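Enquirer: Supplied in structure tokens, the structure appears directly below.
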Amino acid sequence: MGKDVEDLIRILTGQGDLKRPEWARAFASVPRELFVPDRAWVNPDYDAPSYSIDRHARPGEWRSAVYSDASIVTQVDDGAGDPASGRGWFTSSVSAPGVVVQSGELLAPAPGDRVLEVGTGSGWTACLLSRIVGEHGRVVSVEVDPGLAASAEARIEGLGVTNVQVLNLDALDFGSDDLFDRLHVTAGVSTIPWSLLSALRPGGTAVLPWCPSWGHGHKVALTRIGDEAVGRLSTSAGYMMLRSQRPEPGALGSFLHHEDEAARYFTEINPKAVGRPDDAPGWAAYGGGVVITALAPGIRYDLCEAADGSGEATLWLRETYPGSRERGSWATVEYVPDAREYEVTAYGERDLWDEVSGAWMHWNRLGRPERDRFGVTVSRAGRTVWLDGPEKVVAPATRGG
Ligand SMILES: C[S@@+](CC[C@H](N)C(=O)[O-])C[C@H]1O[C@@H](n2cnc3c(N)ncnc32)[C@H](O)[C@@H]1O
């Protein structure tokens, strides 16, 4: 094993991400460098700036990026832009090793398992899984982008890996008579698709990044039990979204419409406490966001601080459903330091601030539980969010995210 792989394994073990020896063996036997293009954009999975790499111009930097805990963006704007520029909508990457192993530990694949993966990308994670399930197991990996699927397939064949099958299709169109032991989803989902979970055998495990519109995404591990899949939220998950579940693009201002018809009123609830809960024990542990997602689905927020040093801020809320830019509901809430009331402007069929602040109050009434006390149950009917156990439902089934 190369020293750079050894160092990476040591870092991931030290972070507490890597626990099982089979993952260390898989990392050592599937060199990440074979999956990273010569030019790309590096997004460290910690608080460090992003940067571009060029293997020919700066080979040392390229190699240390490959063996660092960083996601490496390999495609922007579905292939229309230059990934090494860092500009555009990030649409594919070689996932960060820490993120991969966190999911892998929750997924816990075993030798002989059949694994369904969504989002082949470079093919790296499919090959890691293939090593763990071994010659008697199999990985079916689904990739929506034809170019990415073809190059991953060629790479996998070139490596002599025979137990991985790449399918070029939209995961939401995947259908199979075979049932899988594990489902590994590597693209964010705002609505957790039952069509994919139903490909799991009873007792099988799915790990997916649930990234509803509100705040952080959450890594979720679900177990198929009868006609449902049930499981808890764990760590934060920041992922590129499944193609058909991407939020509406566009600048904030473009969501403002019908301003003349908007309602104006005052609220006593501090919008910063809702949009940036400084008093929550760590942003990542914020359970308020989960309750808001559950009770007020399909709402996106941005908290914009004034640049003039006044301490003022605006909380923007907007619906994220397709087409919502032209027609959807929106609201703004103005934060002014030391104020007792904050001005709300709200337009649309939904009063977004009323919904969001009501959900936040409900979280307070529940005793401000942290994220890891919440879980979800998914069935054909939609998903419910629960607290502490599936019987303690926070919000009824919904298809929205
Ligand atoms: C984060 S990347 C995958 C990373 C990959 N597992 C790796 O480490 O190389 C997410 C991938 O999901 C793919 N994807 C997005 N929407 C999809 C869909 N509806 N069906 C299948 N693949 C999809 C994207 O094209 C992208 O390649």
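Labels used: A, B, ... for chains in the order of the structure tokens, numbers from 1 for residues in each chain, and numbers from 1 for ligands as shown.
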Find the residues near Leu208 (chain A): any atom within 8 Å, counting only C-alpha atoms, skip ones fewer than 4 places away on the same chain, and give them as a JSON list (two decimals) with N, CA and C atoms, in the first residue's frame.

Expert:
[["chain", "number", "residue", "atom", "x", "y", "z"],
["A", 103, "SER", "N", -20.93, 6.57, 4.86],
["A", 103, "SER", "CA", -22.07, 5.83, 4.29],
["A", 103, "SER", "C", -21.79, 4.34, 4.31],
["A", 184, "HIS", "N", -27.20, 1.86, -2.04],
["A", 184, "HIS", "CA", -26.25, 2.94, -1.74],
["A", 184, "HIS", "C", -26.56, 4.10, -2.69],
["A", 185, "VAL", "N", -27.07, 5.20, -2.13],
["A", 185, "VAL", "CA", -27.46, 6.34, -2.97],
["A", 185, "VAL", "C", -26.42, 7.44, -2.80],
["A", 186, "THR", "N", -25.80, 7.87, -3.90],
["A", 186, "THR", "CA", -24.72, 8.86, -3.80],
["A", 186, "THR", "C", -25.11, 10.21, -4.40],
["A", 187, "ALA", "N", -26.42, 10.42, -4.59],
["A", 187, "ALA", "CA", -26.91, 11.75, -4.99],
["A", 187, "ALA", "C", -28.01, 12.13, -4.00],
["A", 188, "GLY", "N", -28.08, 13.42, -3.65],
["A", 188, "GLY", "CA", -29.06, 13.86, -2.67],
["A", 188, "GLY", "C", -30.49, 13.69, -3.18],
["A", 189, "VAL", "N", -31.38, 13.27, -2.27],
["A", 189, "VAL", "CA", -32.80, 13.16, -2.63],
["A", 189, "VAL", "C", -33.62, 14.06, -1.71],
["A", 219, "LYS", "N", -27.81, 12.31, 6.51],
["A", 219, "LYS", "CA", -27.57, 10.94, 6.08],
["A", 219, "LYS", "C", -28.58, 10.05, 6.82],
["A", 220, "VAL", "N", -29.25, 9.16, 6.07],
["A", 220, "VAL", "CA", -30.29, 8.31, 6.67],
["A", 220, "VAL", "C", -29.97, 6.86, 6.36],
["A", 221, "ALA", "N", -30.07, 5.99, 7.35],
["A", 221, "ALA", "CA", -29.94, 4.55, 7.13],
["A", 221, "ALA", "C", -31.30, 3.92, 7.39]]

Enquirer: Show me, as a list in words, the residues that have an atom within 7 Å of Arg138 (chain A) when counting only C-alpha atoms, minus same-chain residues fewer than 2 positions from it.

Expert: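 Neighbouring residues, sequence-local ones excluded: Asp113, Arg114, Val115, Ser130, Val133, His136, Val140, Asn163 and Val164 of chain A.
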
Enquirer: Can you pull out every residue with an atom within 7 Å of ligand 1? Use only C-alpha atoms and all ligand atoms and format it as a PDB file with N, CA and C atoms, in the first residue's frame.

Expert:
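The result, written out as selection_39.pdb:
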ATOM      1  N   THR A  91     -22.194  18.833 -11.038  1.00  0.00           N
ATOM      2  CA  THR A  91     -23.136  17.756 -11.374  1.00  0.00           C
ATOM      3  C   THR A  91     -22.553  16.349 -11.227  1.00  0.00           C
ATOM      4  N   SER A  92     -21.226  16.222 -11.081  1.00  0.00           N
ATOM      5  CA  SER A  92     -20.675  14.905 -10.727  1.00  0.00           C
ATOM      6  C   SER A  92     -19.323  15.077 -10.055  1.00  0.00           C
ATOM      7  N   SER A  93     -18.983  14.094  -9.240  1.00  0.00           N
ATOM      8  CA  SER A  93     -17.710  14.163  -8.509  1.00  0.00           C
ATOM      9  C   SER A  93     -17.261  12.763  -8.138  1.00  0.00           C
ATOM     10  N   VAL A  94     -15.977  12.682  -7.761  1.00  0.00           N
ATOM     11  CA  VAL A  94     -15.501  11.505  -7.046  1.00  0.00           C
ATOM     12  C   VAL A  94     -15.715  11.886  -5.575  1.00  0.00           C
ATOM     13  N   SER A  95     -16.604  11.171  -4.910  1.00  0.00           N
ATOM     14  CA  SER A  95     -17.014  11.598  -3.557  1.00  0.00           C
ATOM     15  C   SER A  95     -15.829  11.648  -2.602  1.00  0.00           C
ATOM     16  N   VAL A 118     -26.851   4.091  -6.673  1.00  0.00           N
ATOM     17  CA  VAL A 118     -27.393   5.171  -7.505  1.00  0.00           C
ATOM     18  C   VAL A 118     -26.325   6.252  -7.621  1.00  0.00           C
ATOM     19  N   GLY A 119     -25.928   6.584  -8.868  1.00  0.00           N
ATOM     20  CA  GLY A 119     -24.907   7.613  -9.097  1.00  0.00           C
ATOM     21  C   GLY A 119     -23.526   6.993  -9.226  1.00  0.00           C
ATOM     22  N   THR A 120     -23.248   6.374 -10.380  1.00  0.00           N
ATOM     23  CA  THR A 120     -21.947   5.713 -10.584  1.00  0.00           C
ATOM     24  C   THR A 120     -20.831   6.750 -10.580  1.00  0.00           C
ATOM     25  N   GLY A 121     -21.077   7.917 -11.203  1.00  0.00           N
ATOM     26  CA  GLY A 121     -20.031   8.938 -11.316  1.00  0.00           C
ATOM     27  C   GLY A 121     -18.784   8.344 -11.939  1.00  0.00           C
ATOM     28  N   SER A 122     -17.676   8.410 -11.229  1.00  0.00           N
ATOM     29  CA  SER A 122     -16.403   7.893 -11.738  1.00  0.00           C
ATOM     30  C   SER A 122     -16.329   6.369 -11.682  1.00  0.00           C
ATOM     31  N   GLY A 123     -17.166   5.764 -10.851  1.00  0.00           N
ATOM     32  CA  GLY A 123     -17.112   4.313 -10.660  1.00  0.00           C
ATOM     33  C   GLY A 123     -16.293   3.912  -9.436  1.00  0.00           C
ATOM     34  N   TRP A 124     -15.718   4.909  -8.731  1.00  0.00           N
ATOM     35  CA  TRP A 124     -14.847   4.570  -7.592  1.00  0.00           C
ATOM     36  C   TRP A 124     -15.613   3.843  -6.487  1.00  0.00           C
ATOM     37  N   THR A 125     -16.761   4.409  -6.084  1.00  0.00           N
ATOM     38  CA  THR A 125     -17.480   3.778  -4.964  1.00  0.00           C
ATOM     39  C   THR A 125     -18.038   2.410  -5.375  1.00  0.00           C
ATOM     40  N   ALA A 126     -18.417   2.270  -6.646  1.00  0.00           N
ATOM     41  CA  ALA A 126     -18.908   0.959  -7.105  1.00  0.00           C
ATOM     42  C   ALA A 126     -17.791  -0.075  -6.981  1.00  0.00           C
ATOM     43  N   VAL A 142     -26.176   2.598 -11.157  1.00  0.00           N
ATOM     44  CA  VAL A 142     -27.020   3.289 -12.123  1.00  0.00           C
ATOM     45  C   VAL A 142     -26.548   4.737 -12.266  1.00  0.00           C
ATOM     46  N   GLU A 143     -26.323   5.185 -13.495  1.00  0.00           N
ATOM     47  CA  GLU A 143     -25.856   6.553 -13.744  1.00  0.00           C
ATOM     48  C   GLU A 143     -26.709   7.169 -14.858  1.00  0.00           C
ATOM     49  N   VAL A 144     -27.250   8.351 -14.593  1.00  0.00           N
ATOM     50  CA  VAL A 144     -28.159   8.990 -15.551  1.00  0.00           C
ATOM     51  C   VAL A 144     -27.410   9.603 -16.736  1.00  0.00           C
ATOM     52  N   ASP A 145     -26.156   9.999 -16.525  1.00  0.00           N
ATOM     53  CA  ASP A 145     -25.431  10.720 -17.582  1.00  0.00           C
ATOM     54  C   ASP A 145     -24.739   9.711 -18.507  1.00  0.00           C
ATOM     55  N   LEU A 148     -20.774   9.889 -18.550  1.00  0.00           N
ATOM     56  CA  LEU A 148     -20.171   9.404 -17.304  1.00  0.00           C
ATOM     57  C   LEU A 148     -20.323   7.889 -17.193  1.00  0.00           C
ATOM     58  N   LEU A 169     -29.173   4.845 -16.858  1.00  0.00           N
ATOM     59  CA  LEU A 169     -30.576   5.266 -16.810  1.00  0.00           C
ATOM     60  C   LEU A 169     -30.839   6.103 -15.569  1.00  0.00           C
ATOM     61  N   ASP A 170     -31.997   6.768 -15.602  1.00  0.00           N
ATOM     62  CA  ASP A 170     -32.430   7.543 -14.440  1.00  0.00           C
ATOM     63  C   ASP A 170     -32.831   6.542 -13.350  1.00  0.00           C
ATOM     64  N   ALA A 171     -32.245   6.705 -12.166  1.00  0.00           N
ATOM     65  CA  ALA A 171     -32.522   5.748 -11.095  1.00  0.00           C
ATOM     66  C   ALA A 171     -34.021   5.624 -10.819  1.00  0.00           C
ATOM     67  N   LEU A 172     -34.771   6.695 -11.080  1.00  0.00           N
ATOM     68  CA  LEU A 172     -36.205   6.633 -10.779  1.00  0.00           C
ATOM     69  C   LEU A 172     -36.929   5.729 -11.777  1.00  0.00           C
ATOM     70  N   THR A 186     -25.796   7.873  -3.904  1.00  0.00           N
ATOM     71  CA  THR A 186     -24.715   8.863  -3.799  1.00  0.00           C
ATOM     72  C   THR A 186     -25.114  10.212  -4.399  1.00  0.00           C
ATOM     73  N   ALA A 187     -26.416  10.424  -4.587  1.00  0.00           N
ATOM     74  CA  ALA A 187     -26.914  11.750  -4.992  1.00  0.00           C
ATOM     75  C   ALA A 187     -28.009  12.129  -3.999  1.00  0.00           C
ATOM     76  N   TYR A 239     -24.772  16.986  -0.659  1.00  0.00           N
ATOM     77  CA  TYR A 239     -24.584  16.194  -1.883  1.00  0.00           C
ATOM     78  C   TYR A 239     -25.124  16.928  -3.101  1.00  0.00           C
ATOM     79  N   MET A 240     -24.616  16.548  -4.273  1.00  0.00           N
ATOM     80  CA  MET A 240     -25.258  16.966  -5.521  1.00  0.00           C
ATOM     81  C   MET A 240     -26.595  16.239  -5.584  1.00  0.00           C
ATOM     82  N   MET A 241     -27.595  16.944  -6.087  1.00  0.00           N
ATOM     83  CA  MET A 241     -28.932  16.357  -6.026  1.00  0.00           C
ATOM     84  C   MET A 241     -29.202  15.422  -7.208  1.00  0.00           C
ATOM     85  N   LEU A 242     -30.100  14.495  -6.985  1.00  0.00           N
ATOM     86  CA  LEU A 242     -30.617  13.656  -8.060  1.00  0.00           C
ATOM     87  C   LEU A 242     -31.162  14.586  -9.148  1.00  0.00           C
ATOM     88  N   ARG A 243     -30.873  14.279 -10.407  1.00  0.00           N
ATOM     89  CA  ARG A 243     -31.211  15.223 -11.486  1.00  0.00           C
ATOM     90  C   ARG A 243     -32.641  15.750 -11.412  1.00  0.00           C
ATOM     91  N   SER A 244     -33.587  14.855 -11.220  1.00  0.00           N
ATOM     92  CA  SER A 244     -34.981  15.295 -11.271  1.00  0.00           C
ATOM     93  C   SER A 244     -35.422  15.966  -9.969  1.00  0.00           C
TER      94      SER A 244
END

Enquirer: Would you please extract all helix (DSSP H, G or I) residues from region 7-183 of chain A, as assigned by DSSP on the backbone, and give them as a ChimeraX atom specification?

Expert: /A:7-14,21-29,32-35,59-66,77-79,83-85,97-107,124-133,146-158,171-173

Enquirer: Restricting the calculation to only C-alpha atoms, which member of A:Val66, A:Leu200, A:Val73, A:Val274 is positioned closest to Ser357 (chain A)?

Expert: A:Val274

Enquirer: What are the closest atom pairs, with distances in Å to one decimal, for all residues of region 170-230 of chain A lying within 10 Å of region 294-299 of chain A? Consider only C-alpha atoms, order rows by chain and residue number, and present the result as JSON lines.

Expert:
{"residue": "A:Ser190", "atom": "CA", "partner": "A:Gly298", "partner_atom": "CA", "distance": 8.7}
{"residue": "A:Thr191", "atom": "CA", "partner": "A:Gly298", "partner_atom": "CA", "distance": 9.8}
{"residue": "A:Pro212", "atom": "CA", "partner": "A:Gly298", "partner_atom": "CA", "distance": 7.3}
{"residue": "A:Ser213", "atom": "CA", "partner": "A:Ile299", "partner_atom": "CA", "distance": 5.7}
{"residue": "A:Trp214", "atom": "CA", "partner": "A:Ile299", "partner_atom": "CA", "distance": 6.1}
{"residue": "A:Gly215", "atom": "CA", "partner": "A:Ile299", "partner_atom": "CA", "distance": 9.6}

Enquirer: I want to know what sits within 9 Å of His216 (chain A), based on only C-alpha atoms, with residues of the same chain fewer than 2 positions away left out; could you give that as a PyMOL selection string?

Expert: chain A and resi 211-214+218+236-238+283-284+289

Enquirer: Restricting it to all heavy atoms, dump the selection as a PDB file, in the first residue's frame.

Expert:
ATOM      1  N   CYS A 211     -31.832  15.223   1.480  1.00  0.00           N
ATOM      2  CA  CYS A 211     -31.530  16.654   1.420  1.00  0.00           C
ATOM      3  C   CYS A 211     -32.801  17.415   1.085  1.00  0.00           C
ATOM      4  O   CYS A 211     -32.994  17.861  -0.058  1.00  0.00           O
ATOM      5  CB  CYS A 211     -30.459  16.925   0.374  1.00  0.00           C
ATOM      6  SG  CYS A 211     -28.965  15.960   0.615  1.00  0.00           S
ATOM      7  N   PRO A 212     -33.706  17.548   2.064  1.00  0.00           N
ATOM      8  CA  PRO A 212     -34.912  18.321   1.804  1.00  0.00           C
ATOM      9  C   PRO A 212     -34.522  19.785   1.646  1.00  0.00           C
ATOM     10  O   PRO A 212     -33.363  20.154   1.851  1.00  0.00           O
ATOM     11  CB  PRO A 212     -35.749  18.083   3.054  1.00  0.00           C
ATOM     12  CG  PRO A 212     -34.785  17.722   4.117  1.00  0.00           C
ATOM     13  CD  PRO A 212     -33.599  17.108   3.460  1.00  0.00           C
ATOM     14  N   SER A 213     -35.473  20.599   1.297  1.00  0.00           N
ATOM     15  CA  SER A 213     -35.136  21.974   0.933  1.00  0.00           C
ATOM     16  C   SER A 213     -34.607  22.782   2.115  1.00  0.00           C
ATOM     17  O   SER A 213     -33.827  23.700   1.943  1.00  0.00           O
ATOM     18  CB  SER A 213     -36.353  22.654   0.329  1.00  0.00           C
ATOM     19  OG  SER A 213     -37.476  22.424   1.141  1.00  0.00           O
ATOM     20  N   TRP A 214     -35.024  22.438   3.351  1.00  0.00           N
ATOM     21  CA  TRP A 214     -34.682  23.274   4.502  1.00  0.00           C
ATOM     22  C   TRP A 214     -33.313  22.887   5.076  1.00  0.00           C
ATOM     23  O   TRP A 214     -33.132  21.784   5.581  1.00  0.00           O
ATOM     24  CB  TRP A 214     -35.739  23.141   5.595  1.00  0.00           C
ATOM     25  CG  TRP A 214     -35.515  24.146   6.678  1.00  0.00           C
ATOM     26  CD1 TRP A 214     -34.734  23.991   7.788  1.00  0.00           C
ATOM     27  CD2 TRP A 214     -36.032  25.476   6.738  1.00  0.00           C
ATOM     28  NE1 TRP A 214     -34.728  25.153   8.522  1.00  0.00           N
ATOM     29  CE2 TRP A 214     -35.526  26.078   7.902  1.00  0.00           C
ATOM     30  CE3 TRP A 214     -36.878  26.215   5.903  1.00  0.00           C
ATOM     31  CZ2 TRP A 214     -35.828  27.387   8.256  1.00  0.00           C
ATOM     32  CZ3 TRP A 214     -37.186  27.516   6.264  1.00  0.00           C
ATOM     33  CH2 TRP A 214     -36.673  28.090   7.431  1.00  0.00           C
ATOM     34  N   HIS A 218     -29.360  15.293   5.524  1.00  0.00           N
ATOM     35  CA  HIS A 218     -29.128  14.326   6.604  1.00  0.00           C
ATOM     36  C   HIS A 218     -28.834  12.960   5.995  1.00  0.00           C
ATOM     37  O   HIS A 218     -29.551  12.523   5.092  1.00  0.00           O
ATOM     38  CB  HIS A 218     -30.381  14.179   7.481  1.00  0.00           C
ATOM     39  CG  HIS A 218     -31.064  15.479   7.774  1.00  0.00           C
ATOM     40  ND1 HIS A 218     -30.567  16.390   8.684  1.00  0.00           N
ATOM     41  CD2 HIS A 218     -32.186  16.053   7.246  1.00  0.00           C
ATOM     42  CE1 HIS A 218     -31.366  17.449   8.716  1.00  0.00           C
ATOM     43  NE2 HIS A 218     -32.353  17.267   7.847  1.00  0.00           N
ATOM     44  N   SER A 236     -24.648  15.066   9.016  1.00  0.00           N
ATOM     45  CA  SER A 236     -25.026  15.978   7.935  1.00  0.00           C
ATOM     46  C   SER A 236     -24.578  15.409   6.595  1.00  0.00           C
ATOM     47  O   SER A 236     -23.589  14.690   6.515  1.00  0.00           O
ATOM     48  CB  SER A 236     -24.349  17.341   8.116  1.00  0.00           C
ATOM     49  OG  SER A 236     -24.946  18.005   9.188  1.00  0.00           O
ATOM     50  N   ALA A 237     -25.315  15.776   5.553  1.00  0.00           N
ATOM     51  CA  ALA A 237     -24.987  15.284   4.213  1.00  0.00           C
ATOM     52  C   ALA A 237     -25.144  16.418   3.212  1.00  0.00           C
ATOM     53  O   ALA A 237     -26.248  16.931   3.040  1.00  0.00           O
ATOM     54  CB  ALA A 237     -25.909  14.116   3.854  1.00  0.00           C
ATOM     55  N   GLY A 238     -24.044  16.830   2.599  1.00  0.00           N
ATOM     56  CA  GLY A 238     -24.110  17.830   1.528  1.00  0.00           C
ATOM     57  C   GLY A 238     -23.797  17.133   0.217  1.00  0.00           C
ATOM     58  O   GLY A 238     -22.665  16.683   0.032  1.00  0.00           O
ATOM     59  N   TRP A 283     -24.691  23.573  14.986  1.00  0.00           N
ATOM     60  CA  TRP A 283     -25.649  23.691  13.880  1.00  0.00           C
ATOM     61  C   TRP A 283     -26.052  22.327  13.355  1.00  0.00           C
ATOM     62  O   TRP A 283     -27.209  22.054  13.072  1.00  0.00           O
ATOM     63  CB  TRP A 283     -24.995  24.569  12.806  1.00  0.00           C
ATOM     64  CG  TRP A 283     -25.643  24.603  11.477  1.00  0.00           C
ATOM     65  CD1 TRP A 283     -25.023  24.373  10.285  1.00  0.00           C
ATOM     66  CD2 TRP A 283     -27.002  24.931  11.165  1.00  0.00           C
ATOM     67  NE1 TRP A 283     -25.917  24.523   9.271  1.00  0.00           N
ATOM     68  CE2 TRP A 283     -27.134  24.851   9.779  1.00  0.00           C
ATOM     69  CE3 TRP A 283     -28.116  25.234  11.931  1.00  0.00           C
ATOM     70  CZ2 TRP A 283     -28.328  25.090   9.134  1.00  0.00           C
ATOM     71  CZ3 TRP A 283     -29.327  25.466  11.283  1.00  0.00           C
ATOM     72  CH2 TRP A 283     -29.404  25.408   9.912  1.00  0.00           C
ATOM     73  N   ALA A 284     -25.061  21.432  13.293  1.00  0.00           N
ATOM     74  CA  ALA A 284     -25.324  20.129  12.689  1.00  0.00           C
ATOM     75  C   ALA A 284     -26.340  19.334  13.500  1.00  0.00           C
ATOM     76  O   ALA A 284     -27.043  18.488  12.970  1.00  0.00           O
ATOM     77  CB  ALA A 284     -24.031  19.349  12.558  1.00  0.00           C
ATOM     78  N   GLY A 289     -34.598  22.161  12.262  1.00  0.00           N
ATOM     79  CA  GLY A 289     -34.690  22.073  10.801  1.00  0.00           C
ATOM     80  C   GLY A 289     -35.467  20.835  10.363  1.00  0.00           C
ATOM     81  O   GLY A 289     -36.176  20.863   9.360  1.00  0.00           O
TER      82      GLY A 289
END

Enquirer: Asp260 (chain A): which residues within 12 Å, counting only C-alpha atoms, same-chain residues fewer than 5 positions away excluded, as a list in words?

Expert: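 That gives Thr345, Ala346, Tyr347 and Gly348 of chain A.
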
Enquirer: Rounded to one decimal place, report the CA of Val30 (chain A)-CA of Thr223 (chain A) distance in Å.

Expert: 28.1 Å

Enquirer: Which residues come within 9 Å of Ala395 (chain A), counting only C-alpha atoms, excluding same-chain residues fewer than 6 positions away, as a VMD selection string?

Expert: chain A and resid 291 294 to 295 383 to 386

Enquirer: Output the selection as a PDB file, in the first residue's frame - C-alpha atoms for each residue.

Expert:
ATOM      1  CA  VAL A 291     -39.360  19.583  12.284  1.00  0.00           C
ATOM      2  CA  ALA A 294     -41.624  17.779   8.312  1.00  0.00           C
ATOM      3  CA  LEU A 295     -44.366  20.320   8.994  1.00  0.00           C
ATOM      4  CA  ARG A 383     -42.741   9.576   4.253  1.00  0.00           C
ATOM      5  CA  THR A 384     -43.453  10.370   7.885  1.00  0.00           C
ATOM      6  CA  VAL A 385     -40.990  11.978  10.280  1.00  0.00           C
ATOM      7  CA  TRP A 386     -40.903  10.633  13.851  1.00  0.00           C
TER       8      TRP A 386
END

Enquirer: Name the closest residue to Leu8 (chain A) among the candidates A:Arg39, A:Arg371, A:Arg232, A:Arg63; distances are taken between atoms, counting only C-alpha atoms.

Expert: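 Closest candidate: A:Arg63.
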
Enquirer: For Asp372 (chain A), which of A:Ala57, A:Tyr286, A:Phe27, A:Ser254 is the closest residue, counting only C-alpha atoms?

Expert: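 The shortest atom-to-atom distance to Asp372 (chain A) comes from A:Tyr286.
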
Enquirer: Using Å and a single decimal, report how far CA of Ile192 (chain A) sits from CA of Trp210 (chain A).

Expert: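 These atoms are spaced 7.0 Å apart.
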